[in-house]
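Q: A single structure is presented below for examination.
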Amino acid sequence: MGYSRDVYDAAEAELARRREAARNRAAALRDKVISRSPRAREIEQEMAYSAISVARAVLDGGDVEAAVDTIKNKNLALQAELASLIAGQGEDAPNFEPRYTCPLCEDTGYTHGRMCSCLSALLREEACRRLSGMSPMKLTDFDSLRLDYYPEAYDPRFGASPREKMAAIFRYCRDYAEAFRSGGADGSPSLLLTGPTGIGKTHVSLAVAHRVVDKGFGVVYGPVQNLLHRMEKEHFGRAEGNTEELLTGCDLLILDDFGTEFLSPFYISCLYTVINTRMLEERPTLISTNLGREDMLDRYGEQITSRIIGTYTPLAFCGQDIRQLKLRERIGG
């Protein structure tokens, strides 16, 4: 996957931060242990001298293998003694070496001349973050959802009150986010959030995104129009990046305001590619839309609509326009 230079720079800066943090933690641990146990410094010096002893054994000739074994065994004993001293001070570390986030590459991003999986993950996460514009996710969570905006009177259309129905949807979406898994037969299902404007679909979508990101998954969230426009600019060489691969490959894709975007044959083709690829690869997608089934069919045709209706779990939102209710609150009724 191709990434812009600023994405690489951000990922490399994060690796540099991790390396520095690991080294600072190691140095702080060393200073703490040595200040309490001078023997730790002696052990360090003796282990450093053992390397010189090996070189001398080779130069002196004689039974080199026996000499090296003796030095090796002594060094192992010193390592065990140091680990015991550190543990005795309540620290969880075997020695004073930095403990990197990624032990494979020691937070350099490369191992055996190839890009490490940790750098690949950072690049993907950074690209997803930039594409999504993550700031709204950080401001929205399930705890900020308010049920008191939904009528509590029984509605025969739902067999319950809108408040009861929405409480059940909120619980389902919270559980969905908590148990989220991406890809494969055991992965989370795709969701279709439907209902009129202003009744909480975007808020719930962002709350799901926020929690799934916190769990370490790669999420792309955005209004469909924005994401398609980005794909168009890249396709015709007016922008860098590979949004299509991010949309098809991220752990969770959230398409907000589905049905409000400007339509063109190119956009229809892009939507089909993204939705179909994610369905085939069993990657979950969350779509929020004001469209009903027939409207969706008229707008997108059978190919796209059948994949959404046939494979997504539907969640029908109900209630009054919350934006209008909040406006009334601000102006005093």
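As shown in the structure tokens, the chain order sets the letters A, B, ...; within each chain, residues go from 1, and ligands are also counted from 1 in the order they appear.
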Could you name the residues that touch stretch 109-126 of chain A at 6 Å or less, counting only C-alpha atoms, but leaving out those on the same chain fewer than 2 positions away, as a PDB file with all heavy atoms, in the first residue's frame?
A:
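Just written: around31.pdb:
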ATOM      1  N   ALA A  11       4.688   8.022  11.362  1.00  0.00           N
ATOM      2  CA  ALA A  11       4.954   6.681  11.880  1.00  0.00           C
ATOM      3  C   ALA A  11       6.379   6.572  12.415  1.00  0.00           C
ATOM      4  O   ALA A  11       6.624   5.989  13.483  1.00  0.00           O
ATOM      5  CB  ALA A  11       4.714   5.640  10.790  1.00  0.00           C
ATOM      6  N   CYS A 105      12.084  -5.720  16.159  1.00  0.00           N
ATOM      7  CA  CYS A 105      12.914  -4.710  15.488  1.00  0.00           C
ATOM      8  C   CYS A 105      13.479  -3.687  16.453  1.00  0.00           C
ATOM      9  O   CYS A 105      14.177  -2.766  16.025  1.00  0.00           O
ATOM     10  CB  CYS A 105      12.108  -4.003  14.398  1.00  0.00           C
ATOM     11  SG  CYS A 105      10.811  -2.909  15.038  1.00  0.00           S
ATOM     12  N   ASP A 107      11.930  -1.372  17.879  1.00  0.00           N
ATOM     13  CA  ASP A 107      11.280  -0.093  17.552  1.00  0.00           C
ATOM     14  C   ASP A 107      12.038   0.712  16.498  1.00  0.00           C
ATOM     15  O   ASP A 107      11.960   1.946  16.472  1.00  0.00           O
ATOM     16  CB  ASP A 107      11.064   0.750  18.810  1.00  0.00           C
ATOM     17  CG  ASP A 107      10.077   0.114  19.771  1.00  0.00           C
ATOM     18  OD1 ASP A 107       9.291  -0.737  19.331  1.00  0.00           O
ATOM     19  OD2 ASP A 107      10.105   0.448  20.972  1.00  0.00           O
ATOM     20  N   CYS A 128      -5.347   5.705   8.402  1.00  0.00           N
ATOM     21  CA  CYS A 128      -6.756   5.639   8.789  1.00  0.00           C
ATOM     22  C   CYS A 128      -7.145   6.860   9.621  1.00  0.00           C
ATOM     23  O   CYS A 128      -8.209   7.452   9.417  1.00  0.00           O
ATOM     24  CB  CYS A 128      -7.038   4.365   9.594  1.00  0.00           C
ATOM     25  SG  CYS A 128      -7.048   2.851   8.622  1.00  0.00           S
ATOM     26  N   ARG A 129      -6.286   7.236  10.551  1.00  0.00           N
ATOM     27  CA  ARG A 129      -6.588   8.375  11.412  1.00  0.00           C
ATOM     28  C   ARG A 129      -6.729   9.653  10.603  1.00  0.00           C
ATOM     29  O   ARG A 129      -7.668  10.438  10.796  1.00  0.00           O
ATOM     30  CB  ARG A 129      -5.480   8.552  12.451  1.00  0.00           C
ATOM     31  CG  ARG A 129      -5.789   9.592  13.514  1.00  0.00           C
ATOM     32  CD  ARG A 129      -4.580   9.901  14.375  1.00  0.00           C
ATOM     33  NE  ARG A 129      -3.536  10.558  13.612  1.00  0.00           N
ATOM     34  CZ  ARG A 129      -3.549  11.860  13.312  1.00  0.00           C
ATOM     35  NH1 ARG A 129      -4.564  12.623  13.698  1.00  0.00           N
ATOM     36  NH2 ARG A 129      -2.570  12.396  12.634  1.00  0.00           N
ATOM     37  N   GLY A 218      -8.010  -0.805  13.484  1.00  0.00           N
ATOM     38  CA  GLY A 218      -7.957   0.269  12.512  1.00  0.00           C
ATOM     39  C   GLY A 218      -9.348   0.587  11.988  1.00  0.00           C
ATOM     40  O   GLY A 218     -10.020  -0.290  11.435  1.00  0.00           O
TER      41      GLY A 218
END
Q: Do you know which residues are at most 12 Å from stretch 152-164 of chain A counting only C-alpha atoms, after dropping those on the same chain fewer than 4 positions away, and could you put them as a list in words?
A: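 The residues that qualify are Leu145, Arg146, Leu147, Asp148, Ala168, Ile169, Phe170, Arg171, Ile199, Ala316, Phe317, Cys318, Gly319 and Gln320 of chain A.
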Q: Run DSSP on the backbone and tell me which residues of stretch 224-294 of chain A come out as helix (DSSP H, G or I); list them as a ChimeraX atom specification.
A: /A:224-235,243-249,265-280,293-294
Q: Could you save those same residues with N, CA, C and O atoms as a short mmCIF file (atom, residue, chain, number, x, y, z; two decimals), in the first residue's frame?
A:
data_model
loop_
_atom_site.label_atom_id
_atom_site.label_comp_id
_atom_site.auth_asym_id
_atom_site.auth_seq_id
_atom_site.Cartn_x
_atom_site.Cartn_y
_atom_site.Cartn_z
N VAL A 224 -19.88 9.44 3.33
CA VAL A 224 -19.59 8.76 2.06
C VAL A 224 -19.07 9.74 1.02
O VAL A 224 -18.13 9.44 0.28
N GLN A 225 -19.67 10.92 0.95
CA GLN A 225 -19.26 11.91 -0.05
C GLN A 225 -17.77 12.24 0.08
O GLN A 225 -17.05 12.30 -0.91
N ASN A 226 -17.29 12.44 1.30
CA ASN A 226 -15.89 12.80 1.52
C ASN A 226 -14.95 11.68 1.08
O ASN A 226 -13.92 11.92 0.45
N LEU A 227 -15.30 10.44 1.44
CA LEU A 227 -14.43 9.31 1.11
C LEU A 227 -14.41 9.06 -0.40
O LEU A 227 -13.34 8.79 -0.97
N LEU A 228 -15.56 9.16 -1.04
CA LEU A 228 -15.60 8.96 -2.49
C LEU A 228 -14.85 10.07 -3.22
O LEU A 228 -14.17 9.82 -4.22
N HIS A 229 -14.97 11.29 -2.72
CA HIS A 229 -14.26 12.41 -3.34
C HIS A 229 -12.75 12.20 -3.24
O HIS A 229 -12.01 12.50 -4.19
N ARG A 230 -12.31 11.66 -2.10
CA ARG A 230 -10.89 11.37 -1.93
C ARG A 230 -10.44 10.30 -2.93
O ARG A 230 -9.38 10.42 -3.55
N MET A 231 -11.23 9.26 -3.10
CA MET A 231 -10.90 8.21 -4.07
C MET A 231 -10.82 8.79 -5.48
O MET A 231 -9.94 8.43 -6.26
N GLU A 232 -11.74 9.67 -5.80
CA GLU A 232 -11.75 10.28 -7.14
C GLU A 232 -10.49 11.11 -7.37
O GLU A 232 -9.86 11.03 -8.45
N LYS A 233 -10.10 11.91 -6.40
CA LYS A 233 -8.90 12.75 -6.54
C LYS A 233 -7.65 11.89 -6.74
O LYS A 233 -6.79 12.22 -7.57
N GLU A 234 -7.56 10.79 -6.01
CA GLU A 234 -6.39 9.91 -6.15
C GLU A 234 -6.42 9.20 -7.49
O GLU A 234 -5.38 9.03 -8.14
N HIS A 235 -7.60 8.78 -7.92
CA HIS A 235 -7.73 8.05 -9.18
C HIS A 235 -7.27 8.89 -10.36
O HIS A 235 -6.63 8.39 -11.29
N THR A 243 -6.69 5.47 -0.90
CA THR A 243 -7.88 5.39 -0.06
C THR A 243 -8.65 4.10 -0.29
O THR A 243 -9.21 3.53 0.66
N GLU A 244 -8.68 3.62 -1.53
CA GLU A 244 -9.43 2.39 -1.80
C GLU A 244 -8.91 1.23 -0.96
O GLU A 244 -9.69 0.46 -0.38
N GLU A 245 -7.59 1.10 -0.86
CA GLU A 245 -7.03 0.00 -0.07
C GLU A 245 -7.32 0.19 1.42
O GLU A 245 -7.52 -0.78 2.14
N LEU A 246 -7.33 1.44 1.89
CA LEU A 246 -7.67 1.67 3.29
C LEU A 246 -9.13 1.33 3.56
O LEU A 246 -9.45 0.73 4.59
N LEU A 247 -10.01 1.70 2.64
CA LEU A 247 -11.43 1.41 2.83
C LEU A 247 -11.72 -0.08 2.77
O LEU A 247 -12.57 -0.58 3.52
N THR A 248 -11.05 -0.78 1.91
CA THR A 248 -11.31 -2.22 1.79
C THR A 248 -10.55 -3.03 2.84
O THR A 248 -10.98 -4.12 3.21
N GLY A 249 -9.43 -2.50 3.35
CA GLY A 249 -8.59 -3.28 4.23
C GLY A 249 -8.65 -2.96 5.71
O GLY A 249 -8.12 -3.72 6.52
N PRO A 265 -21.39 7.52 -12.24
CA PRO A 265 -20.98 6.14 -12.52
C PRO A 265 -19.69 5.76 -11.79
O PRO A 265 -19.54 4.62 -11.32
N PHE A 266 -18.76 6.72 -11.66
CA PHE A 266 -17.50 6.44 -10.97
C PHE A 266 -17.76 6.16 -9.49
O PHE A 266 -17.21 5.21 -8.93
N TYR A 267 -18.61 6.96 -8.85
CA TYR A 267 -18.90 6.76 -7.43
C TYR A 267 -19.63 5.44 -7.20
O TYR A 267 -19.35 4.72 -6.23
N ILE A 268 -20.56 5.10 -8.09
CA ILE A 268 -21.27 3.83 -7.96
C ILE A 268 -20.29 2.67 -8.06
O ILE A 268 -20.35 1.70 -7.28
N SER A 269 -19.36 2.77 -9.00
CA SER A 269 -18.35 1.72 -9.15
C SER A 269 -17.48 1.60 -7.91
O SER A 269 -17.17 0.50 -7.44
N CYS A 270 -17.09 2.75 -7.33
CA CYS A 270 -16.27 2.74 -6.12
C CYS A 270 -17.02 2.09 -4.96
O CYS A 270 -16.45 1.27 -4.22
N LEU A 271 -18.28 2.47 -4.78
CA LEU A 271 -19.08 1.89 -3.69
C LEU A 271 -19.21 0.39 -3.84
O LEU A 271 -19.09 -0.36 -2.87
N TYR A 272 -19.48 -0.06 -5.06
CA TYR A 272 -19.62 -1.50 -5.28
C TYR A 272 -18.32 -2.22 -4.93
O TYR A 272 -18.33 -3.26 -4.26
N THR A 273 -17.19 -1.67 -5.38
CA THR A 273 -15.89 -2.30 -5.12
C THR A 273 -15.64 -2.42 -3.62
O THR A 273 -15.25 -3.48 -3.12
N VAL A 274 -15.88 -1.32 -2.89
CA VAL A 274 -15.60 -1.32 -1.45
C VAL A 274 -16.53 -2.28 -0.72
O VAL A 274 -16.09 -3.11 0.09
N ILE A 275 -17.83 -2.19 -0.98
CA ILE A 275 -18.81 -3.02 -0.27
C ILE A 275 -18.64 -4.49 -0.61
O ILE A 275 -18.65 -5.36 0.28
N ASN A 276 -18.43 -4.79 -1.88
CA ASN A 276 -18.29 -6.18 -2.30
C ASN A 276 -16.99 -6.80 -1.79
O ASN A 276 -16.98 -7.93 -1.31
N THR A 277 -15.90 -6.04 -1.87
CA THR A 277 -14.61 -6.57 -1.39
C THR A 277 -14.65 -6.87 0.09
O THR A 277 -14.19 -7.92 0.55
N ARG A 278 -15.21 -5.95 0.86
CA ARG A 278 -15.28 -6.17 2.30
C ARG A 278 -16.20 -7.34 2.64
O ARG A 278 -15.93 -8.11 3.57
N MET A 279 -17.26 -7.51 1.88
CA MET A 279 -18.16 -8.65 2.10
C MET A 279 -17.43 -9.96 1.83
O MET A 279 -17.49 -10.91 2.62
N LEU A 280 -16.70 -10.03 0.72
CA LEU A 280 -15.98 -11.25 0.35
C LEU A 280 -14.87 -11.57 1.35
O LEU A 280 -14.60 -12.74 1.63
N ARG A 293 -35.37 0.49 2.01
CA ARG A 293 -34.93 -0.50 1.03
C ARG A 293 -35.25 -0.07 -0.40
O ARG A 293 -34.40 -0.15 -1.30
N GLU A 294 -36.47 0.38 -0.65
CA GLU A 294 -36.86 0.74 -2.01
C GLU A 294 -36.09 1.95 -2.50
O GLU A 294 -35.67 2.01 -3.67
#
Q: Using only C-alpha atoms, which of the listed residues (A:Gly241, A:Gly292, A:Gly200, A:Gly216) sits closest to A:Thr140?
A: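 The answer is A:Gly200, which sits nearest to A:Thr140.
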Q: Based on DSSP run over this structure's backbone, return all residues of stretch 161-256 of chain A in strand (DSSP E or B), as an MDAnalysis selection string.
A: chainID A and resid 191:194 219:223 252:256
